[in-house]
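Engineer: One structure, as structure tokens, below. Some questions next.
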Amino acid sequence: MNVIHLKYPHQLAQEIEKEAYSLAIGFFDGVHKGHQAVIEAAKQKAEQLNIKSAVMTFDPHPSIVLGRRNEKVFYITPLSQKLDTLKKLNIDTVFVVNFTSDFAKLTPEEFIKYFIVDLNVQHVTAGFDFSFGSYGKGNMELMEQLSNGRYGVTAIEKQQDVVEKISSTRIRKALQDGEMEQARNLLGRAFEVPGIVVHGDKRGRTMGFPTANVQAMEGCYIPATGVYAVKILVQNKWYDGVCNVGYKPTFNNPDEKQLSIEVHILNFNKNIYGEAVVVGWYKRIRSERKFNGIEALIEQIELDKQQAIAYFEQLR
């Protein structure tokens, strides 16, 4: 997959060939089921027209530049993760457009000239509610009106589940609440957090439940505190596990807030310090709480482990 970074006013390097593209366009945070419908439609159109498939996304999030949200925005998939996910969807080229104040001032007509026509886009696919240009004045209807026969346009209808529209907003809420099954249903896959295994306090080992202490990749969102049934990718193999996200209140001073991600990997006994891993989140088993002593904690961890085993058996 070819990744091309663009900035306005941008100049494409001379060595970049002017391929013809069928382009899926959007921010695509999470690359959830709704986004996948847009991307799949663009891929199908690429096959029909015998041209390259492409995705255009933006970085950073527009709300960071425009300042239209009071709450802090977090990414479901930071850019590197988003690119990994798009690669798995077999996209030929990804255009990453640097979203700046200057870019935000482009009129819809200017956006189409620089980022559609000049890139030799033959067909544009986006969600029905995609907007572009200064103050979001451009929509898919205008995209078609301004084409003048230079490119085709497809607007993908609202994708929804039994409740409502599938959206990044709903997924963020599910992650904040620890509702990992809902997040997985909306994403079409488990929510994943890549990281590195680092040294912890090794207390789990003394209790008979050794854990991998995972330092998440910078920029990744960590779900609500609690105990989860997870899978963890270690050395290209997925293992079932139980993960505690939290502050270990049984042992730590409640005033010292150091968030940890600790995964007890089932049927695993390797030393993996320094290994790159990926944690896939499947189900929240319970909230984090303080226990009266180590024996009570050990008893609960065994119950958590059995719940995780039963859950994954059910999935198979």
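In the structure tokens, chains take the letters A, B, ... in the order shown, each chain's residues start at 1, and ligands count up from 1 in the order shown.
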Write down as a ChimeraX atom specification the residues of region 44-244 of chain A whose backbone DSSP state falls under strand (DSSP E).

Structural biologist: /A:52-59,93-98,121-127,152-156,191-198,212-216,226-234,237-244

Engineer: When you look at region 161-166 of chain A with a cut-off of 9 Å (counting only C-alpha atoms), what residues show up, excluding the ones that are within fewer than 3 positions of it in the same chain? I need them as a PyMOL selection string.

Structural biologist: chain A and resi 32-34+158+169-171+185-187

Engineer: Between A:Lys18, A:Lys283, A:His5, A:Lys43, single out the one closest to Val94 (chain A), counting only C-alpha atoms.

Structural biologist: A:His5

Engineer: If I take CA of Ala104 (chain A) and CA of Ser63 (chain A), how far is one from the other in Å, to one decimal?

Structural biologist: 10.7 Å

Engineer: Using only C-alpha atoms for the distances, tell me which of A:Leu175, A:Leu49, A:Ala37, A:Val242 is nearest to Ile222 (chain A).

Structural biologist: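 Nearest to Ile222 (chain A): A:Leu175.
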
Engineer: Quick one: residues within 9 Å of Glu181 (chain A), only C-alpha atoms, excluding same-chain residues fewer than 2 positions away - as an NGL selection string?

Structural biologist: :A and (174 or 178-179 or 183-186 or 190 or 281-284)

Engineer: Which residue is closest to Glu218 (chain A)? Choose from A:Leu303, A:Met1, A:Leu79, A:Leu142 and count only C-alpha atoms.

Structural biologist: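 The closest residue to Glu218 (chain A) is A:Leu79.
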
Engineer: Excluding Tyr221 (chain A) and residues on its chain fewer than 5 positions from it, collect all residues at most 9 Å away from it, counting only C-alpha atoms, and give them as a ChimeraX atom specification.

Structural biologist: /A:74-78,175,193,216

Engineer: Write out, as a short mmCIF file (atom, residue, chain, number, x, y, z; two decimals), in the first residue's frame, the residues just selected, with C-alpha atoms.

Structural biologist:
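Now in part-v5.cif:
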```cif
data_model
loop_
_atom_site.label_atom_id
_atom_site.label_comp_id
_atom_site.auth_asym_id
_atom_site.auth_seq_id
_atom_site.Cartn_x
_atom_site.Cartn_y
_atom_site.Cartn_z
CA PHE A 74 -9.54 10.94 21.32
CA TYR A 75 -8.83 8.73 18.36
CA ILE A 76 -10.32 5.25 18.08
CA THR A 77 -7.47 4.51 15.67
CA PRO A 78 -4.43 6.82 15.74
CA LEU A 175 -15.07 2.53 24.90
CA VAL A 193 -4.41 -1.41 21.47
CA ALA A 216 0.21 1.20 25.25
#
```

Engineer: Under the rule that only C-alpha atoms are counted, which of A:His61, A:Val124, A:Ser53, A:Pro194 is the nearest residue to Arg150 (chain A)?

Structural biologist: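 Ranking A:His61, A:Val124, A:Ser53, A:Pro194 by distance to Arg150 (chain A), first place goes to A:Val124.
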
Engineer: Compile the contact shell of Ile232 (chain A) as a ChimeraX atom specification: residues with an atom at most 10 Å away, counting only C-alpha atoms, same-chain residues fewer than 5 positions apart removed.

Structural biologist: /A:192-194,212,237-243,263-266,277-281

Engineer: Give the answer as one residue: which of A:Val121, A:Ile25, A:Leu86, A:Val230 has the shortest atom-to-atom distance to Met140 (chain A), using only C-alpha atoms?

Structural biologist: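 Among A:Val121, A:Ile25, A:Leu86, A:Val230, it is A:Ile25 that comes nearest to Met140 (chain A).
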
Engineer: Env of Phe103 (chain A): 12 Å cut, atoms = only C-alpha atoms, seq-sep filter 3 positions within chain, self excluded. Answer as a PyMOL selection string.

Structural biologist: chain A and resi 6-10+58-60+62+65-66+97-100+106-108+110-111+114-115+132-136

Engineer: Using the selection just defined, write its residues with C-alpha atoms as a short mmCIF file (atom, residue, chain, number, x, y, z; two decimals), in the first residue's frame.

Structural biologist:
```
data_model
loop_
_atom_site.label_atom_id
_atom_site.label_comp_id
_atom_site.auth_asym_id
_atom_site.auth_seq_id
_atom_site.Cartn_x
_atom_site.Cartn_y
_atom_site.Cartn_z
CA LEU A 6 -0.35 15.94 1.19
CA LYS A 7 -0.43 19.48 2.50
CA TYR A 8 -2.13 22.59 1.14
CA PRO A 9 -0.73 24.37 -0.70
CA HIS A 10 0.74 21.04 -1.74
CA PHE A 58 -7.11 13.67 7.29
CA ASP A 59 -4.72 14.33 10.17
CA PRO A 60 -5.17 15.71 12.78
CA PRO A 62 -10.64 18.64 12.11
CA VAL A 65 -7.88 22.66 14.29
CA LEU A 66 -11.35 24.22 14.19
CA VAL A 97 -4.09 15.23 4.03
CA ASN A 98 -2.63 17.50 6.70
CA PHE A 99 -5.66 19.31 8.13
CA THR A 100 -4.47 22.87 8.80
CA LEU A 106 -10.57 26.14 0.98
CA THR A 107 -13.83 26.66 -0.86
CA PRO A 108 -15.61 23.51 -2.08
CA GLU A 110 -10.86 24.73 -4.53
CA PHE A 111 -11.00 21.47 -2.60
CA TYR A 114 -6.61 20.42 -5.68
CA PHE A 115 -7.68 17.19 -4.01
CA PHE A 132 -15.93 19.49 2.66
CA GLY A 133 -14.65 23.00 2.07
CA SER A 134 -14.80 26.05 4.32
CA TYR A 135 -17.45 25.71 7.07
CA GLY A 136 -18.45 22.35 5.56
#
```

Engineer: With only C-alpha atoms as the basis for distance, which of A:Ser80, A:Glu40, A:His35, A:Phe28 is at the shortest distance from Gln160 (chain A)?

Structural biologist: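 Between A:Ser80, A:Glu40, A:His35, A:Phe28, the residue approaching Gln160 (chain A) most closely is A:His35.
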